[in-house]
Amino acid sequence: MTSDLQTVHVPLGDRAYDIRIGAGLLAQAGAQIAPLLQRPRVAVLTDENVAALHLATLRDGLAEAGIDMVSLALPPGETTKGWDQFSRAVEWLIAQKVERRDVVVALGGGVIGDLAGFAAAVLRRGVRFVQVPTSLLAQVDSSVGGKTGINSPLGKNLIGAFHQPSLVLADVSVLNTLTPRDFLAGYGEVQKYGLLGDAAFFDWLEANGPALAAGDMALRAQAVRHSCQMKADIVVRDETEQGDRALLNLGHTFCHALEAATGYSDRLLHGEGVAVGCALAFELSARMGLCSQEDPSRVRAHLDAMGMKKDLADIPGDLPDAEGLIGLMMQDKKVQDGTLNFILARGIGQAFVTSDVDPAALRAVLQDALAGR
């Protein structure tokens with residue numbers, strides 16, 4: 001089996017599942033998935049880039065346990081996460097005669113995980129699926145917790161369903177195939193966990209982040225496990241985002257507006273937007289007197305030490321003015337009764353949800369950030 005396999009259990013009653021973390025899990029996928037199957041066959045949704053790197057390893061791992069595999073590789077990138085490719089995936093699953101007792105496997109990053117999970121949620125009113133996340137961002141965030149969906153032209157993730165996976169296999173050895181930029185984009189979600197609820201974890205990241213980014217496998221597994229445990233704990237308390245789960249959106253209100261402003265393109269990857277958004281959320285918190293100015297400075301210093309985007313100045317190309325960005329924020333799915341909920345902080349590790357945001361302070365933070373470009 002894999003070396004140093006770690007497990008995070010997500011206790012959701014009859015929908016409980018394990019997140020298994022370790023190096024070499026892809027080659028062991030058959031042994032891991034076989035207990036879930038009524039018949040030895042799975043349907044895999046992936047993207048073309050991931051398929052070229054990892055599909056053969058998954059196929060061999062499944063074959064070792066006598067499991068047949070059919071697969072569909074979709075185009076890579078955020079634009080895949082829309083109606084066209086979603087419809088293509090669902091129709092393909094139907095054509096493959098995937099039954100309610102079968103299992104769909106999502107092999108890829110957040111785009112594939114979200115799309116495949118949503119396809120599984122609506123196919124025959126719900127079939128089981130397994131997440132096999134291949135990016136750091138997907139391993140620590142999107143593969144855990146059951147949020148699935150696609151984007152609308154009007155905004156990200158506006159169409160979807162809560163549909164928990166039956167198993168998550170996070171093979172940290174596949175992270176070696178990521179570009180440095182993609183790895184660091186995923187790290188944007190890792191550092192978020194420390195900022196939102198675990199100051200000691202942020203301390204650990206400040207000490208170990210550079211070595212983790214440089215390739216230390218044990219540190220990577222530790223960071224993935226801790227991130228998954230934090231997310232699992234929050235999901236169990238608040239599965240459908242009525243309260244605490246919104247804390248996981250730290251940085252995302254800014255991020256989603258910036259992603260829309262950059263056309264969901266590679267000008268700004270999601271995790272990069274989260275990192276910049278976290279820095280802006282802490283800056284806004286400091287402007288409102290909620291935390292000391294040392295906190296946003298520390299956030300930006302850590303992002304800088306990791307070689308990551310930390311300010312609006314780091315995003316290439318034109319951006320809207322402050323009013324334009326605020327307008328994009330108002331399209332966020334977290335808007336309720338025309339009021340936008342923000343995740344702010346009283347300090348590192350002390351995030352909270354509020355709708356009581358000073359509009360002048362928000363405008364000033366954005367204006368100052370844009371002026372620094």
# chains A, B, ... in the order shown; residues from 1 in each chain; ligands from 1
>>> residues_around(residues="Arg88 of chain A", least_positions_apart="6", cutoff="12 Å", atoms="only C-alpha atoms", output="ChimeraX atom specification")
/A:45,72-75,80-82,94-95,115-116,119
>>> write_last_selection(atoms="all heavy atoms", output="mmCIF file, in the first residue's frame")
data_model
loop_
_atom_site.group_PDB
_atom_site.id
_atom_site.type_symbol
_atom_site.label_atom_id
_atom_site.label_comp_id
_atom_site.auth_asym_id
_atom_site.auth_seq_id
_atom_site.Cartn_x
_atom_site.Cartn_y
_atom_site.Cartn_z
ATOM 1 N N LEU A 45 -14.292 10.946 -15.374
ATOM 2 C CA LEU A 45 -14.269 12.246 -16.040
ATOM 3 C C LEU A 45 -12.967 12.939 -15.673
ATOM 4 O O LEU A 45 -12.585 12.984 -14.496
ATOM 5 C CB LEU A 45 -15.468 13.102 -15.606
ATOM 6 C CG LEU A 45 -16.835 12.629 -16.107
ATOM 7 C CD1 LEU A 45 -17.957 13.422 -15.440
ATOM 8 C CD2 LEU A 45 -16.939 12.763 -17.629
ATOM 9 N N LEU A 72 -13.740 9.943 -20.187
ATOM 10 C CA LEU A 72 -13.965 11.077 -21.075
ATOM 11 C C LEU A 72 -13.065 12.209 -20.617
ATOM 12 O O LEU A 72 -13.108 12.618 -19.449
ATOM 13 C CB LEU A 72 -15.426 11.531 -21.028
ATOM 14 C CG LEU A 72 -15.756 12.819 -21.809
ATOM 15 C CD1 LEU A 72 -15.554 12.606 -23.307
ATOM 16 C CD2 LEU A 72 -17.175 13.279 -21.506
ATOM 17 N N ALA A 73 -12.223 12.714 -21.529
ATOM 18 C CA ALA A 73 -11.325 13.833 -21.224
ATOM 19 C C ALA A 73 -11.900 15.106 -21.830
ATOM 20 O O ALA A 73 -12.051 15.212 -23.047
ATOM 21 C CB ALA A 73 -9.928 13.556 -21.762
ATOM 22 N N LEU A 74 -12.209 16.064 -20.989
ATOM 23 C CA LEU A 74 -12.744 17.350 -21.419
ATOM 24 C C LEU A 74 -11.606 18.342 -21.626
ATOM 25 O O LEU A 74 -10.488 18.119 -21.148
ATOM 26 C CB LEU A 74 -13.719 17.880 -20.350
ATOM 27 C CG LEU A 74 -14.922 16.978 -20.046
ATOM 28 C CD1 LEU A 74 -15.709 17.533 -18.869
ATOM 29 C CD2 LEU A 74 -15.812 16.826 -21.258
ATOM 30 N N PRO A 75 -11.850 19.453 -22.302
ATOM 31 C CA PRO A 75 -10.794 20.459 -22.459
ATOM 32 C C PRO A 75 -10.377 21.011 -21.095
ATOM 33 O O PRO A 75 -11.209 21.125 -20.195
ATOM 34 C CB PRO A 75 -11.457 21.554 -23.315
ATOM 35 C CG PRO A 75 -12.619 20.890 -23.967
ATOM 36 C CD PRO A 75 -13.087 19.837 -23.020
ATOM 37 N N THR A 80 -14.309 25.264 -19.251
ATOM 38 C CA THR A 80 -14.982 23.961 -19.315
ATOM 39 C C THR A 80 -16.138 23.886 -18.316
ATOM 40 O O THR A 80 -17.109 23.147 -18.527
ATOM 41 C CB THR A 80 -13.960 22.834 -19.047
ATOM 42 O OG1 THR A 80 -13.125 22.712 -20.202
ATOM 43 C CG2 THR A 80 -14.611 21.495 -18.774
ATOM 44 N N LYS A 81 -16.042 24.678 -17.240
ATOM 45 C CA LYS A 81 -17.018 24.573 -16.151
ATOM 46 C C LYS A 81 -18.285 25.364 -16.490
ATOM 47 O O LYS A 81 -18.692 26.278 -15.770
ATOM 48 C CB LYS A 81 -16.386 25.062 -14.849
ATOM 49 C CG LYS A 81 -16.927 24.369 -13.621
ATOM 50 C CD LYS A 81 -16.132 24.721 -12.384
ATOM 51 C CE LYS A 81 -16.920 25.555 -11.430
ATOM 52 N NZ LYS A 81 -16.232 25.787 -10.155
ATOM 53 N N GLY A 82 -18.923 24.996 -17.607
ATOM 54 C CA GLY A 82 -20.147 25.661 -18.053
ATOM 55 C C GLY A 82 -21.111 24.634 -18.622
ATOM 56 O O GLY A 82 -20.850 23.428 -18.640
ATOM 57 N N ILE A 94 -24.651 8.913 -19.522
ATOM 58 C CA ILE A 94 -25.867 8.175 -19.867
ATOM 59 C C ILE A 94 -25.575 7.160 -20.971
ATOM 60 O O ILE A 94 -26.000 6.004 -20.910
ATOM 61 C CB ILE A 94 -26.990 9.152 -20.298
ATOM 62 C CG1 ILE A 94 -27.427 10.008 -19.104
ATOM 63 C CG2 ILE A 94 -28.185 8.393 -20.869
ATOM 64 C CD1 ILE A 94 -28.339 11.156 -19.469
ATOM 65 N N ALA A 95 -24.812 7.601 -21.984
ATOM 66 C CA ALA A 95 -24.472 6.700 -23.093
ATOM 67 C C ALA A 95 -23.637 5.514 -22.617
ATOM 68 O O ALA A 95 -23.709 4.418 -23.198
ATOM 69 C CB ALA A 95 -23.710 7.477 -24.176
ATOM 70 N N LEU A 115 -17.411 19.895 -11.763
ATOM 71 C CA LEU A 115 -18.291 19.511 -12.865
ATOM 72 C C LEU A 115 -18.717 18.046 -12.745
ATOM 73 O O LEU A 115 -19.898 17.716 -12.889
ATOM 74 C CB LEU A 115 -17.595 19.770 -14.199
ATOM 75 C CG LEU A 115 -18.409 19.501 -15.476
ATOM 76 C CD1 LEU A 115 -18.003 20.468 -16.582
ATOM 77 C CD2 LEU A 115 -18.226 18.064 -15.979
ATOM 78 N N ALA A 116 -17.766 17.152 -12.471
ATOM 79 C CA ALA A 116 -18.084 15.731 -12.371
ATOM 80 C C ALA A 116 -18.992 15.461 -11.181
ATOM 81 O O ALA A 116 -19.912 14.628 -11.251
ATOM 82 C CB ALA A 116 -16.799 14.910 -12.256
ATOM 83 N N ALA A 119 -22.415 16.537 -12.187
ATOM 84 C CA ALA A 119 -22.961 15.544 -13.120
ATOM 85 C C ALA A 119 -23.455 14.312 -12.356
ATOM 86 O O ALA A 119 -24.542 13.781 -12.632
ATOM 87 C CB ALA A 119 -21.903 15.150 -14.149
#
>>> residues_around(residues="Leu212 of chain A", least_positions_apart="3", cutoff="12 Å", atoms="only C-alpha atoms", output="ChimeraX atom specification")
/A:136,172,175-176,180,183-184,187,190,204-209,215-224,306
>>> write_last_selection(atoms="C-alpha atoms", output="PDB file, in the first residue's frame")
ATOM      1  CA  LEU A 136      -3.063  21.130  -4.527  1.00  0.00           C
ATOM      2  CA  VAL A 172       0.480  13.996  -2.969  1.00  0.00           C
ATOM      3  CA  LEU A 175       1.698  17.393  -7.087  1.00  0.00           C
ATOM      4  CA  ASN A 176       5.200  16.973  -8.544  1.00  0.00           C
ATOM      5  CA  PRO A 180       5.283  26.088  -9.733  1.00  0.00           C
ATOM      6  CA  PHE A 183       1.216  24.638  -6.969  1.00  0.00           C
ATOM      7  CA  LEU A 184       1.441  28.087  -5.401  1.00  0.00           C
ATOM      8  CA  TYR A 187      -1.157  27.142  -1.598  1.00  0.00           C
ATOM      9  CA  VAL A 190      -3.719  26.301   2.295  1.00  0.00           C
ATOM     10  CA  TRP A 204       3.830  26.464  10.908  1.00  0.00           C
ATOM     11  CA  LEU A 205       3.340  27.588   7.306  1.00  0.00           C
ATOM     12  CA  GLU A 206       5.568  30.619   7.822  1.00  0.00           C
ATOM     13  CA  ALA A 207       8.292  28.239   9.027  1.00  0.00           C
ATOM     14  CA  ASN A 208       7.740  25.408   6.534  1.00  0.00           C
ATOM     15  CA  GLY A 209       6.061  26.967   3.472  1.00  0.00           C
ATOM     16  CA  GLY A 215       9.052  19.675  -2.884  1.00  0.00           C
ATOM     17  CA  ASP A 216       9.249  18.203   0.636  1.00  0.00           C
ATOM     18  CA  MET A 217       6.697  15.371   0.355  1.00  0.00           C
ATOM     19  CA  ALA A 218       6.195  14.861   4.090  1.00  0.00           C
ATOM     20  CA  LEU A 219       5.486  18.564   4.617  1.00  0.00           C
ATOM     21  CA  ARG A 220       3.106  18.567   1.666  1.00  0.00           C
ATOM     22  CA  ALA A 221       1.180  15.604   3.086  1.00  0.00           C
ATOM     23  CA  GLN A 222       1.040  17.297   6.494  1.00  0.00           C
ATOM     24  CA  ALA A 223      -0.291  20.535   4.986  1.00  0.00           C
ATOM     25  CA  VAL A 224      -2.926  18.681   2.941  1.00  0.00           C
ATOM     26  CA  MET A 306       6.354  32.255  -1.052  1.00  0.00           C
TER      27      MET A 306
END
>>> residues_around(residues="Leu248 of chain A", least_positions_apart="5", cutoff="8 Å", atoms="only C-alpha atoms", output="list in words")
Lys192, Tyr193, Leu196 and Lys231 of chain A
>>> write_last_selection(atoms="all heavy atoms", output="PDB file, in the first residue's frame")
ATOM      1  N   LYS A 192      -5.002  30.086   3.646  1.00  0.00           N
ATOM      2  CA  LYS A 192      -6.315  30.575   4.075  1.00  0.00           C
ATOM      3  C   LYS A 192      -6.778  29.881   5.342  1.00  0.00           C
ATOM      4  O   LYS A 192      -7.392  30.511   6.218  1.00  0.00           O
ATOM      5  CB  LYS A 192      -7.335  30.352   2.952  1.00  0.00           C
ATOM      6  CG  LYS A 192      -8.770  30.734   3.289  1.00  0.00           C
ATOM      7  CD  LYS A 192      -9.750  30.126   2.302  1.00  0.00           C
ATOM      8  CE  LYS A 192      -9.963  28.625   2.547  1.00  0.00           C
ATOM      9  NZ  LYS A 192     -11.008  28.063   1.659  1.00  0.00           N
ATOM     10  N   TYR A 193      -6.508  28.579   5.478  1.00  0.00           N
ATOM     11  CA  TYR A 193      -6.971  27.841   6.659  1.00  0.00           C
ATOM     12  C   TYR A 193      -6.342  28.383   7.941  1.00  0.00           C
ATOM     13  O   TYR A 193      -7.001  28.503   8.974  1.00  0.00           O
ATOM     14  CB  TYR A 193      -6.686  26.348   6.505  1.00  0.00           C
ATOM     15  CG  TYR A 193      -7.588  25.666   5.512  1.00  0.00           C
ATOM     16  CD1 TYR A 193      -7.128  25.281   4.256  1.00  0.00           C
ATOM     17  CD2 TYR A 193      -8.921  25.423   5.813  1.00  0.00           C
ATOM     18  CE1 TYR A 193      -7.955  24.668   3.335  1.00  0.00           C
ATOM     19  CE2 TYR A 193      -9.765  24.809   4.899  1.00  0.00           C
ATOM     20  CZ  TYR A 193      -9.278  24.439   3.659  1.00  0.00           C
ATOM     21  OH  TYR A 193     -10.112  23.835   2.751  1.00  0.00           O
ATOM     22  N   LEU A 196      -8.003  31.783   8.722  1.00  0.00           N
ATOM     23  CA  LEU A 196      -9.411  31.831   9.125  1.00  0.00           C
ATOM     24  C   LEU A 196      -9.641  31.248  10.513  1.00  0.00           C
ATOM     25  O   LEU A 196     -10.582  31.667  11.199  1.00  0.00           O
ATOM     26  CB  LEU A 196     -10.309  31.140   8.090  1.00  0.00           C
ATOM     27  CG  LEU A 196     -10.306  29.623   7.945  1.00  0.00           C
ATOM     28  CD1 LEU A 196     -11.288  28.957   8.908  1.00  0.00           C
ATOM     29  CD2 LEU A 196     -10.686  29.240   6.512  1.00  0.00           C
ATOM     30  N   LYS A 231     -11.222  21.743   7.068  1.00  0.00           N
ATOM     31  CA  LYS A 231     -12.420  21.883   6.244  1.00  0.00           C
ATOM     32  C   LYS A 231     -13.476  20.864   6.658  1.00  0.00           C
ATOM     33  O   LYS A 231     -14.660  21.195   6.742  1.00  0.00           O
ATOM     34  CB  LYS A 231     -12.080  21.726   4.762  1.00  0.00           C
ATOM     35  CG  LYS A 231     -13.327  21.899   3.892  1.00  0.00           C
ATOM     36  CD  LYS A 231     -13.037  22.267   2.465  1.00  0.00           C
ATOM     37  CE  LYS A 231     -14.336  22.608   1.731  1.00  0.00           C
ATOM     38  NZ  LYS A 231     -14.128  22.986   0.337  1.00  0.00           N
TER      39      LYS A 231
END
>>> select_by_dssp(residues="segment 133-237 of chain A", states="helix (DSSP H, G or I)", output="number ranges by chain")
A: 136-142, 172-177, 180-197, 199-214, 217-237
>>> closest_residue(among="A:Leu344, A:His252, A:Ala213, A:Gln28", to="Asp356 of chain A", atoms="only C-alpha atoms")
A:Leu344
>>> closest_residue(among="A:Leu123, A:Leu303, A:Leu62, A:Leu362", to="Met288 of chain A", atoms="only C-alpha atoms")
A:Leu362
>>> residues_around(residues="Gly273 of chain A", least_positions_apart="4", cutoff="12 Å", atoms="only C-alpha atoms", output="VMD selection string")
chain A and resid 184 to 189 192 249 to 262 264 to 269 277 to 281 308 to 312 314 to 315
>>> write_last_selection(atoms="N, CA and C atoms", output="CSV table (one decimal), in the first residue's frame")
chain,number,residue,atom,x,y,z
A,184,LEU,N,1.6,26.9,-6.3
A,184,LEU,CA,1.4,28.1,-5.4
A,184,LEU,C,0.0,28.6,-5.4
A,185,ALA,N,-0.7,28.5,-6.5
A,185,ALA,CA,-2.1,28.9,-6.5
A,185,ALA,C,-2.9,28.0,-5.5
A,186,GLY,N,-2.6,26.7,-5.5
A,186,GLY,CA,-3.2,25.9,-4.5
A,186,GLY,C,-2.8,26.3,-3.1
A,187,TYR,N,-1.6,26.7,-2.9
A,187,TYR,CA,-1.2,27.1,-1.6
A,187,TYR,C,-2.0,28.4,-1.1
A,188,GLY,N,-2.5,29.1,-2.0
A,188,GLY,CA,-3.4,30.2,-1.6
A,188,GLY,C,-4.5,29.7,-0.7
A,189,GLU,N,-5.1,28.5,-1.0
A,189,GLU,CA,-6.1,28.0,-0.2
A,189,GLU,C,-5.5,27.4,1.1
A,192,LYS,N,-5.0,30.1,3.6
A,192,LYS,CA,-6.3,30.6,4.1
A,192,LYS,C,-6.8,29.9,5.3
A,249,ASN,N,-14.9,31.0,2.9
A,249,ASN,CA,-14.9,32.0,1.8
A,249,ASN,C,-14.0,33.2,2.1
A,250,LEU,N,-13.2,33.1,3.2
A,250,LEU,CA,-12.2,34.1,3.4
A,250,LEU,C,-11.5,34.5,2.1
A,251,GLY,N,-11.5,35.7,1.8
A,251,GLY,CA,-10.8,36.2,0.6
A,251,GLY,C,-11.5,36.0,-0.7
A,252,HIS,N,-12.6,35.2,-0.7
A,252,HIS,CA,-13.3,34.8,-1.9
A,252,HIS,C,-14.2,35.9,-2.5
A,253,THR,N,-14.7,36.8,-1.6
A,253,THR,CA,-15.6,37.9,-2.2
A,253,THR,C,-14.7,38.8,-3.1
A,254,PHE,N,-13.5,39.1,-2.6
A,254,PHE,CA,-12.6,39.9,-3.5
A,254,PHE,C,-12.2,39.0,-4.7
A,255,CYS,N,-11.8,37.8,-4.4
A,255,CYS,CA,-11.3,36.9,-5.4
A,255,CYS,C,-12.3,36.7,-6.6
A,256,HIS,N,-13.6,36.4,-6.3
A,256,HIS,CA,-14.6,36.2,-7.3
A,256,HIS,C,-14.8,37.5,-8.2
A,257,ALA,N,-14.7,38.6,-7.6
A,257,ALA,CA,-14.8,39.9,-8.3
A,257,ALA,C,-13.6,40.0,-9.3
A,258,LEU,N,-12.4,39.7,-8.7
A,258,LEU,CA,-11.2,39.8,-9.5
A,258,LEU,C,-11.2,38.8,-10.7
A,259,GLU,N,-11.7,37.6,-10.4
A,259,GLU,CA,-11.8,36.6,-11.5
A,259,GLU,C,-12.7,37.0,-12.6
A,260,ALA,N,-13.8,37.6,-12.2
A,260,ALA,CA,-14.8,38.1,-13.2
A,260,ALA,C,-14.1,39.3,-14.0
A,261,ALA,N,-13.4,40.1,-13.3
A,261,ALA,CA,-12.8,41.3,-13.9
A,261,ALA,C,-11.7,40.9,-14.9
A,262,THR,N,-11.1,39.7,-14.7
A,262,THR,CA,-10.0,39.2,-15.6
A,262,THR,C,-10.6,38.1,-16.5
A,264,TYR,N,-12.1,35.3,-16.0
A,264,TYR,CA,-11.8,33.9,-15.6
A,264,TYR,C,-10.7,33.3,-16.5
A,265,SER,N,-9.7,34.1,-16.7
A,265,SER,CA,-8.6,33.7,-17.6
A,265,SER,C,-7.3,33.4,-16.8
A,266,ASP,N,-6.2,33.0,-17.5
A,266,ASP,CA,-5.0,32.7,-16.7
A,266,ASP,C,-4.3,33.9,-16.3
A,267,ARG,N,-4.9,35.1,-16.5
A,267,ARG,CA,-4.3,36.3,-15.9
A,267,ARG,C,-4.3,36.2,-14.3
A,268,LEU,N,-5.3,35.4,-13.8
A,268,LEU,CA,-5.5,35.3,-12.4
A,268,LEU,C,-6.1,33.9,-12.1
A,269,LEU,N,-5.2,33.0,-11.6
A,269,LEU,CA,-5.8,31.7,-11.2
A,269,LEU,C,-6.6,31.8,-9.9
A,277,GLY,N,-7.1,38.1,-2.2
A,277,GLY,CA,-8.4,38.4,-1.5
A,277,GLY,C,-8.2,38.4,0.0
A,278,CYS,N,-7.4,37.4,0.5
A,278,CYS,CA,-7.1,37.3,1.9
A,278,CYS,C,-6.4,38.6,2.4
A,279,ALA,N,-5.4,39.0,1.6
A,279,ALA,CA,-4.6,40.2,2.0
A,279,ALA,C,-5.6,41.4,2.0
A,280,LEU,N,-6.5,41.5,1.1
A,280,LEU,CA,-7.4,42.6,1.0
A,280,LEU,C,-8.4,42.5,2.2
A,281,ALA,N,-8.9,41.3,2.5
A,281,ALA,CA,-9.8,41.2,3.7
A,281,ALA,C,-9.1,41.6,5.0
A,308,MET,N,4.3,34.7,-4.2
A,308,MET,CA,3.0,34.7,-4.7
A,308,MET,C,2.4,36.1,-4.9
A,309,LYS,N,1.4,36.2,-5.7
A,309,LYS,CA,0.6,37.4,-5.8
A,309,LYS,C,0.1,37.8,-4.5
A,310,LYS,N,0.2,39.1,-4.2
A,310,LYS,CA,-0.3,39.6,-2.9
A,310,LYS,C,-1.1,40.9,-2.9
A,311,ASP,N,-1.0,41.6,-4.1
A,311,ASP,CA,-1.6,42.9,-4.3
A,311,ASP,C,-2.3,43.0,-5.6
A,312,LEU,N,-3.2,43.9,-5.8
A,312,LEU,CA,-3.8,44.2,-7.1
A,312,LEU,C,-2.7,44.5,-8.1
A,314,ASP,N,-0.1,43.0,-8.6
A,314,ASP,CA,0.5,41.8,-9.2
A,314,ASP,C,-0.3,41.2,-10.2
A,315,ILE,N,-1.5,41.7,-10.5
A,315,ILE,CA,-2.4,41.2,-11.5
A,315,ILE,C,-2.2,41.9,-12.8
